[in-house]
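The file final18.txt comes next; it holds compact mmCIF, C-alpha atoms and all ligand atoms.
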```txt
# COMPACT_ATOMS: atom_id res chain seq x y z
CA MET G 1 0.00 0.00 0.00
CA LYS G 2 1.25 3.47 -0.86
CA PRO G 3 1.49 5.55 2.35
CA SER G 4 0.25 8.60 0.42
CA ILE G 5 -3.21 7.08 0.32
CA LEU G 6 -3.44 7.97 4.02
CA GLN G 7 -2.90 11.71 3.43
CA VAL G 8 -6.51 12.72 4.05
CA TYR G 9 -8.41 9.77 5.46
CA PHE G 10 -12.03 10.68 6.06
CA ILE G 11 -14.19 8.59 8.39
CA LEU G 12 -17.96 8.93 8.68
CA GLY G 13 -20.96 7.30 10.31
CA THR G 14 -24.52 8.51 9.89
CA ASN G 15 -24.56 9.99 13.42
CA ASN G 16 -21.41 12.07 12.88
CA THR G 17 -23.29 14.75 10.99
CA GLU G 18 -26.50 16.80 11.09
CA GLN G 19 -26.54 16.81 7.30
CA ASP G 20 -27.28 14.06 4.81
CA PRO G 21 -24.29 11.70 5.23
CA LEU G 22 -24.21 10.92 1.52
CA GLU G 23 -24.01 14.62 0.69
CA VAL G 24 -21.25 15.12 3.24
CA LEU G 25 -19.33 12.19 1.78
CA GLU G 26 -19.76 13.42 -1.79
CA GLU G 27 -18.53 16.87 -0.83
CA ALA G 28 -15.55 15.39 0.98
CA LEU G 29 -14.73 13.34 -2.12
CA GLN G 30 -15.02 16.43 -4.31
CA GLY G 31 -12.70 18.22 -1.91
CA GLY G 32 -10.10 15.53 -2.42
CA VAL G 33 -10.04 13.03 0.46
CA SER G 34 -7.71 10.15 -0.35
CA LEU G 35 -9.32 7.28 1.60
CA PHE G 36 -12.69 6.69 3.24
CA GLN G 37 -13.96 4.52 6.09
CA PHE G 38 -17.64 3.88 6.91
CA ARG G 39 -17.74 3.70 10.71
CA GLU G 40 -21.33 3.09 11.77
CA LYS G 41 -21.58 2.82 15.54
CA GLY G 42 -23.07 4.43 18.63
CA LYS G 43 -26.40 6.14 19.12
CA GLY G 44 -28.93 5.59 16.34
CA ALA G 45 -26.47 3.62 14.22
CA LEU G 46 -27.99 1.82 11.25
CA ILE G 47 -28.01 -1.96 11.39
CA GLY G 48 -28.88 -4.84 9.09
CA GLU G 49 -30.31 -4.03 5.67
CA GLU G 50 -30.29 -0.26 6.27
CA LYS G 51 -26.59 -0.35 7.11
CA LYS G 52 -25.91 -2.47 4.04
CA GLN G 53 -27.80 -0.10 1.73
CA MET G 54 -25.94 2.90 3.14
CA ALA G 55 -22.62 1.08 2.72
CA LEU G 56 -23.44 0.26 -0.90
CA LYS G 57 -24.30 3.88 -1.67
CA MET G 58 -21.12 5.10 0.01
CA LYS G 59 -19.02 2.56 -1.86
CA GLY G 60 -20.57 3.70 -5.12
CA LEU G 61 -19.73 7.32 -4.39
CA CYS G 62 -16.16 6.53 -3.36
CA HIS G 63 -15.59 4.55 -6.53
CA GLN G 64 -16.90 7.40 -8.68
CA TYR G 65 -13.99 9.41 -7.29
CA ASP G 66 -11.49 6.53 -7.35
CA VAL G 67 -11.20 6.54 -3.57
CA PRO G 68 -10.93 3.19 -1.75
CA PHE G 69 -13.87 2.35 0.51
CA LEU G 70 -13.16 0.67 3.87
CA ILE G 71 -15.55 -0.52 6.56
CA ASN G 72 -14.93 -0.35 10.29
CA ASP G 73 -15.14 -3.68 12.18
CA ASP G 74 -17.85 -5.34 10.10
CA ILE G 75 -15.84 -7.82 8.04
CA ASP G 76 -18.91 -9.79 7.01
CA LEU G 77 -20.50 -6.71 5.49
CA ALA G 78 -17.23 -5.69 3.84
CA LEU G 79 -16.96 -9.12 2.20
CA GLU G 80 -20.63 -9.16 1.22
CA ILE G 81 -20.60 -5.83 -0.59
CA GLY G 82 -17.05 -6.00 -1.98
CA ALA G 83 -15.39 -3.22 -0.01
CA ASP G 84 -11.71 -2.39 -0.56
CA GLY G 85 -10.70 -3.19 2.99
CA VAL G 86 -11.46 -3.00 6.68
CA HIS G 87 -10.26 -1.23 9.77
CA VAL G 88 -10.33 -3.05 13.10
CA GLY G 89 -9.66 -1.99 16.68
CA GLN G 90 -7.84 -3.76 19.45
CA GLU G 91 -11.11 -5.05 20.91
CA ASP G 92 -12.37 -6.53 17.67
CA GLU G 93 -11.77 -9.96 16.14
CA PRO G 94 -8.05 -10.87 16.48
CA PHE G 95 -6.13 -9.32 13.59
CA VAL G 96 -4.57 -12.54 12.33
CA GLN G 97 -8.04 -14.06 12.06
CA VAL G 98 -9.34 -10.95 10.28
CA LYS G 99 -6.48 -11.10 7.78
CA SER G 100 -7.09 -14.76 7.01
CA ARG G 101 -10.68 -13.95 6.01
CA CYS G 102 -9.83 -11.01 3.75
CA PRO G 103 -8.78 -11.00 0.10
CA ASP G 104 -5.06 -10.35 -0.42
CA HIS G 105 -5.58 -7.08 -2.26
CA TRP G 106 -7.54 -5.50 0.59
CA ILE G 107 -6.26 -2.63 2.70
CA ILE G 108 -6.36 -3.76 6.33
CA GLY G 109 -5.74 -1.28 9.11
CA VAL G 110 -5.54 -1.60 12.87
CA SER G 111 -5.82 0.93 15.69
CA ALA G 112 -2.83 1.33 17.99
CA THR G 113 -2.59 3.52 21.06
CA ASN G 114 0.85 2.47 22.27
CA GLU G 115 4.14 1.05 21.06
CA LYS G 116 3.30 -2.51 22.02
CA GLU G 117 0.10 -2.56 19.96
CA ALA G 118 1.88 -0.89 17.05
CA ILE G 119 4.72 -3.42 16.99
CA LYS G 120 2.26 -6.31 17.20
CA ALA G 121 0.20 -4.86 14.33
CA LYS G 122 3.33 -4.64 12.19
CA GLU G 123 4.34 -8.21 13.02
CA ASP G 124 0.83 -9.43 12.21
CA GLY G 125 0.98 -7.82 8.77
CA ALA G 126 -1.23 -4.74 9.04
CA ASP G 127 -1.12 -2.51 5.96
CA TYR G 128 -1.28 0.60 8.14
CA ILE G 129 -1.94 1.60 11.73
CA GLY G 130 -4.30 4.28 12.97
CA VAL G 131 -2.44 5.89 15.86
CA GLY G 132 -4.30 7.81 18.54
CA PRO G 133 -6.17 9.43 19.98
CA ILE G 134 -3.57 12.13 19.47
CA TYR G 135 -5.73 14.92 20.92
CA GLY G 136 -8.96 14.96 22.91
CA THR G 137 -12.02 13.83 20.96
CA ASN G 138 -15.74 13.74 21.65
CA THR G 139 -16.42 11.40 18.78
CA LYS G 140 -15.26 8.10 20.27
CA GLU G 141 -17.03 7.33 23.53
CA ASP G 142 -14.45 4.85 24.79
CA ALA G 143 -11.41 6.78 23.58
CA LYS G 144 -8.23 6.29 25.59
CA GLN G 145 -6.10 9.13 26.99
CA PRO G 146 -4.66 11.29 24.20
CA ILE G 147 -1.05 10.36 23.42
CA GLY G 148 -0.03 13.64 21.79
CA GLU G 149 2.58 14.18 19.11
CA ASN G 150 5.23 12.66 21.39
CA GLY G 151 3.28 9.42 21.62
CA LEU G 152 3.06 9.36 17.84
CA ARG G 153 6.80 10.03 17.48
CA ASN G 154 7.63 7.16 19.85
CA ILE G 155 5.46 4.78 17.86
CA ARG G 156 7.04 5.89 14.57
CA GLU G 157 10.47 5.10 15.99
CA GLN G 158 9.35 1.55 16.76
CA VAL G 159 7.67 0.60 13.49
CA GLY G 160 10.10 1.76 10.80
CA ASP G 161 8.31 2.56 7.58
CA LEU G 162 4.94 1.02 8.42
CA PRO G 163 2.30 3.46 7.12
CA ILE G 164 0.81 5.50 9.97
CA VAL G 165 -2.28 7.67 10.03
CA ALA G 166 -2.86 9.90 13.04
CA ILE G 167 -6.37 10.11 14.55
CA GLY G 168 -8.32 11.88 17.24
CA GLY G 169 -9.33 15.54 17.55
CA ILE G 170 -7.34 16.57 14.48
CA LYS G 171 -7.87 20.01 12.98
CA LEU G 172 -6.22 21.64 9.98
CA GLY G 173 -3.57 23.38 12.02
CA HIS G 174 -2.27 20.09 13.39
CA ILE G 175 -1.10 18.64 10.09
CA PHE G 176 2.40 20.11 10.11
CA GLY G 177 3.25 18.85 13.61
CA LEU G 178 1.77 15.44 12.93
CA ARG G 179 3.70 14.96 9.72
CA LYS G 180 6.86 16.02 11.48
CA ALA G 181 6.17 13.50 14.23
CA GLY G 182 6.01 10.72 11.65
CA ALA G 183 2.42 10.46 10.39
CA ASP G 184 1.89 9.73 6.70
CA GLY G 185 -1.52 11.34 6.93
CA VAL G 186 -4.41 12.40 9.10
CA SER G 187 -7.67 10.68 9.82
CA ILE G 188 -10.59 12.94 10.54
CA ILE G 189 -14.26 12.73 11.44
CA THR G 190 -15.59 15.94 13.03
CA ALA G 191 -13.41 18.55 11.31
CA ILE G 192 -15.02 17.57 8.00
CA SER G 193 -18.34 15.94 8.99
CA ARG G 194 -19.52 18.86 11.11
CA SER G 195 -18.05 21.56 8.93
CA LYS G 196 -20.61 23.84 7.27
CA LYS G 197 -18.65 23.38 4.07
CA PRO G 198 -17.28 19.83 3.99
CA LYS G 199 -15.96 20.23 0.44
CA GLU G 200 -13.91 23.32 1.23
CA MET G 201 -12.65 21.79 4.46
CA ALA G 202 -11.61 18.55 2.75
CA HIS G 203 -9.89 20.59 0.08
CA LEU G 204 -7.90 22.52 2.68
CA PHE G 205 -6.86 19.28 4.37
CA ARG G 206 -5.72 17.95 1.01
CA LYS G 207 -3.83 21.11 0.19
CA PHE G 208 -2.04 21.21 3.55
CA ALA G 209 -1.29 17.49 3.54
CA HIS G 210 0.05 17.64 0.01
CA TYR G 211 2.16 20.68 0.75
CA GLN G 212 3.66 18.96 3.77
CA SER G 213 4.62 15.93 1.77
CA ASN G 214 6.74 17.91 -0.68
N1 LIG Y 301 -10.30 6.46 17.13
C1 LIG Y 301 -9.50 7.16 17.93
S1 LIG Y 301 -10.04 8.75 18.11
C2 LIG Y 301 -11.35 8.49 17.06
C3 LIG Y 301 -11.35 7.18 16.63
C4 LIG Y 301 -12.32 6.56 15.73
C5 LIG Y 301 -12.36 9.54 16.72
C6 LIG Y 301 -11.82 10.57 15.79
O1 LIG Y 301 -12.82 11.52 15.48
P1 LIG Y 301 -12.58 13.08 15.47
O2 LIG Y 301 -13.97 13.64 15.40
O3 LIG Y 301 -11.79 13.41 14.25
O4 LIG Y 301 -11.89 13.43 16.76
MG MG Y 302 -13.64 -1.43 16.41
```
Would it be possible to restate this file's structure as structure tokens?
Ligand code: TZP
Ligand code: MG
Amino acid sequence: MKPSILQVYFILGTNNTEQDPLEVLEEALQGGVSLFQFREKGKGALIGEEKKQMALKMKGLCHQYDVPFLINDDIDLALEIGADGVHVGQEDEPFVQVKSRCPDHWIIGVSATNEKEAIKAKEDGADYIGVGPIYGTNTKEDAKQPIGENGLRNIREQVGDLPIVAIGGIKLGHIFGLRKAGADGVSIITAISRSKKPKEMAHLFRKFAHYQSN
């Protein structure tokens, strides 16, 4: 996997926005996000057929813009609808088991909050790790203590060139520091999903991320 695909990694569930989630996603895609994850959990989350239909529509949109479509946790759904990969947390199905069920070409990511989890993810063959929460976040109810840019830097030192995306409370102004601390990109929910202008916001993220990579 090319690390640059992580530059602007947008994540969205239907309860992360007051607007129509499909409109928010389309705007984010127009703005230039590089990777997308459907993360449907928490209050009012869609389940069953409704979740599947939403996933199918989101996949369709992502593919119109040539952006890979990943699903959080739900490997069965990802297999059923032909997603491009999955992202799993530390509390989900063991990674090695997840990997054995997924097609070889899939992008498979794992969350890591500390060096031990990051090293294990690398050994197990993760394509990338989502490192965080870096800053405080209201989006994830069971989020751990923020690890800051120092926590990210320590993890980068341990995992060599394993692709890393930073996550948790990230705003535009954080990109420079996060790239410097070793992130290949930033993963964002709120800064785009609750923006009044998701397209413009996504575009700014892309512009900053791109600039930082040169
Ligand atoms: N994992 C760690 S923090 C987080 C997840 C899914 C939430 C990130 O959302 P936001 O709104 O960008 O802080
Ligand atoms: Mg999970």
Taking all atoms listed in the file into account, produce a table as a Markdown table in which each residue of chain G with an atom at most 6 Å from an atom of ligand MG 302 (chain Y) appears once, together with its shortest atom pair and the distance in Å to one decimal, ordered by chain and rising number.
```
| residue | atom | partner | partner_atom | distance |
| --- | --- | --- | --- | --- |
| G:Asp73 | CA | Y:MG302 | MG | 5.0 |
| G:Val88 | CA | Y:MG302 | MG | 5.0 |
| G:Gly89 | CA | Y:MG302 | MG | 4.0 |
| G:Asp92 | CA | Y:MG302 | MG | 5.4 |
```
Do you know which residues are at most 10 Å from Val98 of chain G counting all atoms listed in the file, after dropping those on the same chain fewer than 2 positions away, and could you put them as a short mmCIF file (atom, residue, chain, number, x, y, z; two decimals) with C-alpha atoms, in the coordinates of the input?
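Final output, saved to result-v1.cif:
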```cif
data_model
loop_
_atom_site.label_atom_id
_atom_site.label_comp_id
_atom_site.auth_asym_id
_atom_site.auth_seq_id
_atom_site.Cartn_x
_atom_site.Cartn_y
_atom_site.Cartn_z
CA ASP G 73 -15.14 -3.68 12.18
CA ILE G 75 -15.84 -7.82 8.04
CA VAL G 86 -11.46 -3.00 6.68
CA HIS G 87 -10.26 -1.23 9.77
CA VAL G 88 -10.33 -3.05 13.10
CA ASP G 92 -12.37 -6.53 17.67
CA GLU G 93 -11.77 -9.96 16.14
CA PRO G 94 -8.05 -10.87 16.48
CA PHE G 95 -6.13 -9.32 13.59
CA VAL G 96 -4.57 -12.54 12.33
CA SER G 100 -7.09 -14.76 7.01
CA ARG G 101 -10.68 -13.95 6.01
CA CYS G 102 -9.83 -11.01 3.75
CA ILE G 108 -6.36 -3.76 6.33
#
```
So that I can see what lies close to Thr137 of chain G, please list as a PDB file with C-alpha atoms, in the frame of the given file the residues with an atom at most 12 Å from it, counting only C-alpha atoms and leaving out residues fewer than 4 positions away in the same chain.
```pdb
ATOM      1  CA  GLY G 132      -4.300   7.810  18.540  1.00  0.00           C
ATOM      2  CA  PRO G 133      -6.170   9.430  19.980  1.00  0.00           C
ATOM      3  CA  GLU G 141     -17.030   7.330  23.530  1.00  0.00           C
ATOM      4  CA  ASP G 142     -14.450   4.850  24.790  1.00  0.00           C
ATOM      5  CA  ALA G 143     -11.410   6.780  23.580  1.00  0.00           C
ATOM      6  CA  LYS G 144      -8.230   6.290  25.590  1.00  0.00           C
ATOM      7  CA  GLN G 145      -6.100   9.130  26.990  1.00  0.00           C
ATOM      8  CA  PRO G 146      -4.660  11.290  24.200  1.00  0.00           C
ATOM      9  CA  ILE G 147      -1.050  10.360  23.420  1.00  0.00           C
ATOM     10  CA  ILE G 167      -6.370  10.110  14.550  1.00  0.00           C
ATOM     11  CA  GLY G 168      -8.320  11.880  17.240  1.00  0.00           C
ATOM     12  CA  GLY G 169      -9.330  15.540  17.550  1.00  0.00           C
ATOM     13  CA  ILE G 170      -7.340  16.570  14.480  1.00  0.00           C
ATOM     14  CA  LYS G 171      -7.870  20.010  12.980  1.00  0.00           C
ATOM     15  CA  ILE G 188     -10.590  12.940  10.540  1.00  0.00           C
ATOM     16  CA  ILE G 189     -14.260  12.730  11.440  1.00  0.00           C
ATOM     17  CA  THR G 190     -15.590  15.940  13.030  1.00  0.00           C
ATOM     18  CA  ALA G 191     -13.410  18.550  11.310  1.00  0.00           C
TER      19      ALA G 191
END
```
Review point. Counting all atoms listed in the file, which of G:Glu200, G:Asp74, G:Glu149, G:Glu50 gets nearest to Ala183 of chain G?
Key: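 Ranking G:Glu200, G:Asp74, G:Glu149, G:Glu50 by distance to Ala183 of chain G, first place goes to G:Glu149.
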Point to revise | Point-to-point distance from atom CA of Ala28 of chain G to atom CA of Glu80 of chain G, Å rounded to tenths | key: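 Atom CA of Glu80 of chain G lies 25.1 Å from atom CA of Ala28 of chain G.
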